[in-house]
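Right, one structure below, let's go through it.
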Amino acid sequence: MFKKIFSFPNPVNENAARTVAFCVVVLTIAGFITNSIYILSFLLYGFIARVLTGPTLSPIGQFATRIIAPNLPKKNVAGPPKRFAQMIGLVCSSLILYFFIIEQHLLSDAILSLLLLFASLEAFVGFCAGCFIFNKLMKIGLVPESICEQCQI
């Protein structure tokens, strides 16, 4: 049971991933406008949940996979690069919350701006920066090919 819960889908529905990215865009904008620790905490929780369980324990992931994506054409992409991208989001959202808590708002806002940029690229253009980095890391040998056989581009 735990293995089923704590797994990341492979393949991933690209439209669900883009919907999640759009929700991250909305949350980052809301974080800028409100300076709410609750929004920033929810943003962090979402990345933790998606890294550990894919959409299973993520409210945004559930919204994307159960409500939005079924109404859009399905386009599957490899899961490991998407999980890597979620991990980058986890690191960024952790730093955002940390710097916000210690009242280093310039640093918090700078990282929030980067997250907004990359989530916007994914949501609106379909460019996943984390996936791009993942593929470059595979090409130089830092990520073994065995992790993602279908990632060979």
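Here's how to read the names in the structure tokens: chain A, B, ... by the order shown, residue numbers from 1 in each chain, ligand numbers from 1 in the order shown.
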Original post:
Which residues in chain A does DSSP call strand (DSSP E or B)? List them as an MDAnalysis selection string.
Top reply: chainID A and resid 12:13 76:77
File dump, residues just selected, N, CA and C atoms, as an mmCIF file, in the first residue's frame:
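Output below, filename out.cif:
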data_model
loop_
_atom_site.group_PDB
_atom_site.id
_atom_site.type_symbol
_atom_site.label_atom_id
_atom_site.label_comp_id
_atom_site.auth_asym_id
_atom_site.auth_seq_id
_atom_site.Cartn_x
_atom_site.Cartn_y
_atom_site.Cartn_z
ATOM 1 N N VAL A 12 3.615 10.615 -17.414
ATOM 2 C CA VAL A 12 2.833 11.710 -16.837
ATOM 3 C C VAL A 12 2.024 12.348 -17.960
ATOM 4 N N ASN A 13 0.784 12.687 -17.656
ATOM 5 C CA ASN A 13 -0.041 13.416 -18.621
ATOM 6 C C ASN A 13 0.463 14.861 -18.668
ATOM 7 N N ASN A 76 1.212 11.907 -23.171
ATOM 8 C CA ASN A 76 2.099 11.356 -22.147
ATOM 9 C C ASN A 76 3.541 11.765 -22.383
ATOM 10 N N VAL A 77 4.217 12.080 -21.279
ATOM 11 C CA VAL A 77 5.652 12.375 -21.282
ATOM 12 C C VAL A 77 6.283 11.575 -20.154
#
Under the rule of at most 10 Å, produce a per-residue listing of stretch 40-92 of chain A near stretch 118-129 of chain A: chain, number, name, the closest pair of atoms, and the distance in Å, as a tab-separated table, using only C-alpha atoms.
residue	atom	partner	partner_atom	distance
A:Pro81	CA	A:Cys128	CA	8.8
A:Lys82	CA	A:Cys128	CA	7.9
A:Phe84	CA	A:Ala129	CA	10.0
A:Ala85	CA	A:Ala129	CA	7.3
A:Ile88	CA	A:Ala129	CA	9.6
A:Gly89	CA	A:Ala119	CA	9.0
Write a file of the selected residues as an mmCIF file, in the first residue's frame, keeping N, CA and C atoms.
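Result file again18.cif:
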data_model
loop_
_atom_site.group_PDB
_atom_site.id
_atom_site.type_symbol
_atom_site.label_atom_id
_atom_site.label_comp_id
_atom_site.auth_asym_id
_atom_site.auth_seq_id
_atom_site.Cartn_x
_atom_site.Cartn_y
_atom_site.Cartn_z
ATOM 1 N N PRO A 81 11.754 13.074 -15.403
ATOM 2 C CA PRO A 81 12.109 14.492 -15.517
ATOM 3 C C PRO A 81 11.096 15.406 -14.820
ATOM 4 N N LYS A 82 9.821 15.025 -14.857
ATOM 5 C CA LYS A 82 8.786 15.823 -14.183
ATOM 6 C C LYS A 82 8.975 15.761 -12.670
ATOM 7 N N PHE A 84 11.850 15.338 -11.192
ATOM 8 C CA PHE A 84 13.025 16.175 -10.964
ATOM 9 C C PHE A 84 12.616 17.653 -10.927
ATOM 10 N N ALA A 85 11.743 18.047 -11.839
ATOM 11 C CA ALA A 85 11.261 19.428 -11.863
ATOM 12 C C ALA A 85 10.498 19.758 -10.576
ATOM 13 N N ILE A 88 12.993 20.441 -7.868
ATOM 14 C CA ILE A 88 13.520 21.810 -7.944
ATOM 15 C C ILE A 88 12.510 22.776 -7.333
ATOM 16 N N GLY A 89 11.231 22.576 -7.628
ATOM 17 C CA GLY A 89 10.185 23.402 -7.013
ATOM 18 C C GLY A 89 10.157 23.256 -5.507
#
Original post:
Within 10 Å of A:Ser58, counting only C-alpha atoms, which residues qualify if same-chain residues fewer than 6 places away don't, as a VMD selection string?
Top reply: chain A and resid 20 42 45 to 52 64
Residues from last step as file, N, CA and C atoms, as an mmCIF file, in the first residue's frame:
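Listing of selection_8.cif after writing:
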data_model
loop_
_atom_site.group_PDB
_atom_site.id
_atom_site.type_symbol
_atom_site.label_atom_id
_atom_site.label_comp_id
_atom_site.auth_asym_id
_atom_site.auth_seq_id
_atom_site.Cartn_x
_atom_site.Cartn_y
_atom_site.Cartn_z
ATOM 1 N N VAL A 20 -0.992 21.797 -13.227
ATOM 2 C CA VAL A 20 -0.322 21.985 -11.930
ATOM 3 C C VAL A 20 0.550 23.234 -11.985
ATOM 4 N N PHE A 42 1.368 26.342 1.804
ATOM 5 C CA PHE A 42 0.597 25.464 0.923
ATOM 6 C C PHE A 42 1.389 25.155 -0.344
ATOM 7 N N TYR A 45 3.937 22.615 0.724
ATOM 8 C CA TYR A 45 3.289 21.318 0.923
ATOM 9 C C TYR A 45 3.004 20.634 -0.414
ATOM 10 N N GLY A 46 2.518 21.404 -1.376
ATOM 11 C CA GLY A 46 2.204 20.839 -2.683
ATOM 12 C C GLY A 46 3.411 20.202 -3.339
ATOM 13 N N PHE A 47 4.554 20.881 -3.264
ATOM 14 C CA PHE A 47 5.760 20.302 -3.864
ATOM 15 C C PHE A 47 6.212 19.064 -3.104
ATOM 16 N N ILE A 48 6.145 19.097 -1.783
ATOM 17 C CA ILE A 48 6.501 17.907 -0.987
ATOM 18 C C ILE A 48 5.608 16.732 -1.394
ATOM 19 N N ALA A 49 4.318 16.978 -1.441
ATOM 20 C CA ALA A 49 3.366 15.917 -1.777
ATOM 21 C C ALA A 49 3.615 15.371 -3.180
ATOM 22 N N ARG A 50 3.868 16.259 -4.146
ATOM 23 C CA ARG A 50 4.064 15.790 -5.520
ATOM 24 C C ARG A 50 5.390 15.064 -5.696
ATOM 25 N N VAL A 51 6.431 15.476 -5.009
ATOM 26 C CA VAL A 51 7.709 14.758 -5.100
ATOM 27 C C VAL A 51 7.558 13.363 -4.507
ATOM 28 N N LEU A 52 6.893 13.258 -3.366
ATOM 29 C CA LEU A 52 6.772 11.965 -2.689
ATOM 30 C C LEU A 52 5.733 11.038 -3.304
ATOM 31 N N ALA A 64 -5.784 18.678 -10.946
ATOM 32 C CA ALA A 64 -5.276 18.599 -12.315
ATOM 33 C C ALA A 64 -5.593 17.257 -12.965
#
Original post:
Contacts of stretch 111-113 of chain A at 12 Å or less, counting only C-alpha atoms, minus same-chain residues fewer than 3 places along, as JSON, numbers by chain?
Top reply: {"A": [24, 25, 26, 27, 28, 29, 30, 31, 32, 33, 35, 39, 40, 43, 44, 88, 89, 90, 91, 92, 93, 94, 95, 96, 97, 98, 99, 100, 104, 105, 106, 107, 108, 116, 117, 118, 119, 120]}
Original post:
Suppose you want the space between atom CA of A:Asn15 and atom CA of A:Ala69; what is it in Å?
Top reply: 5.8 Å
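Nearest-residue note for A:Pro55: choosing from A:Asp109, A:Phe8, A:Ala21, A:Val143, the minimum distance belongs to A:Phe8, counting only C-alpha atoms.
Each of A:Ile133, A:Thr53, A:Phe63, A:Ile37 was checked against A:Arg18 using only C-alpha atoms; the smallest atom-to-atom distance is that of A:Phe63.
For the pair atom CA of A:Glu149 and atom CA of A:Ala78, the separation is 8.9 Å.
Taking atom CA of A:Pro9 as the reference point, atom CA of A:Gly54 is found at 6.3 Å.
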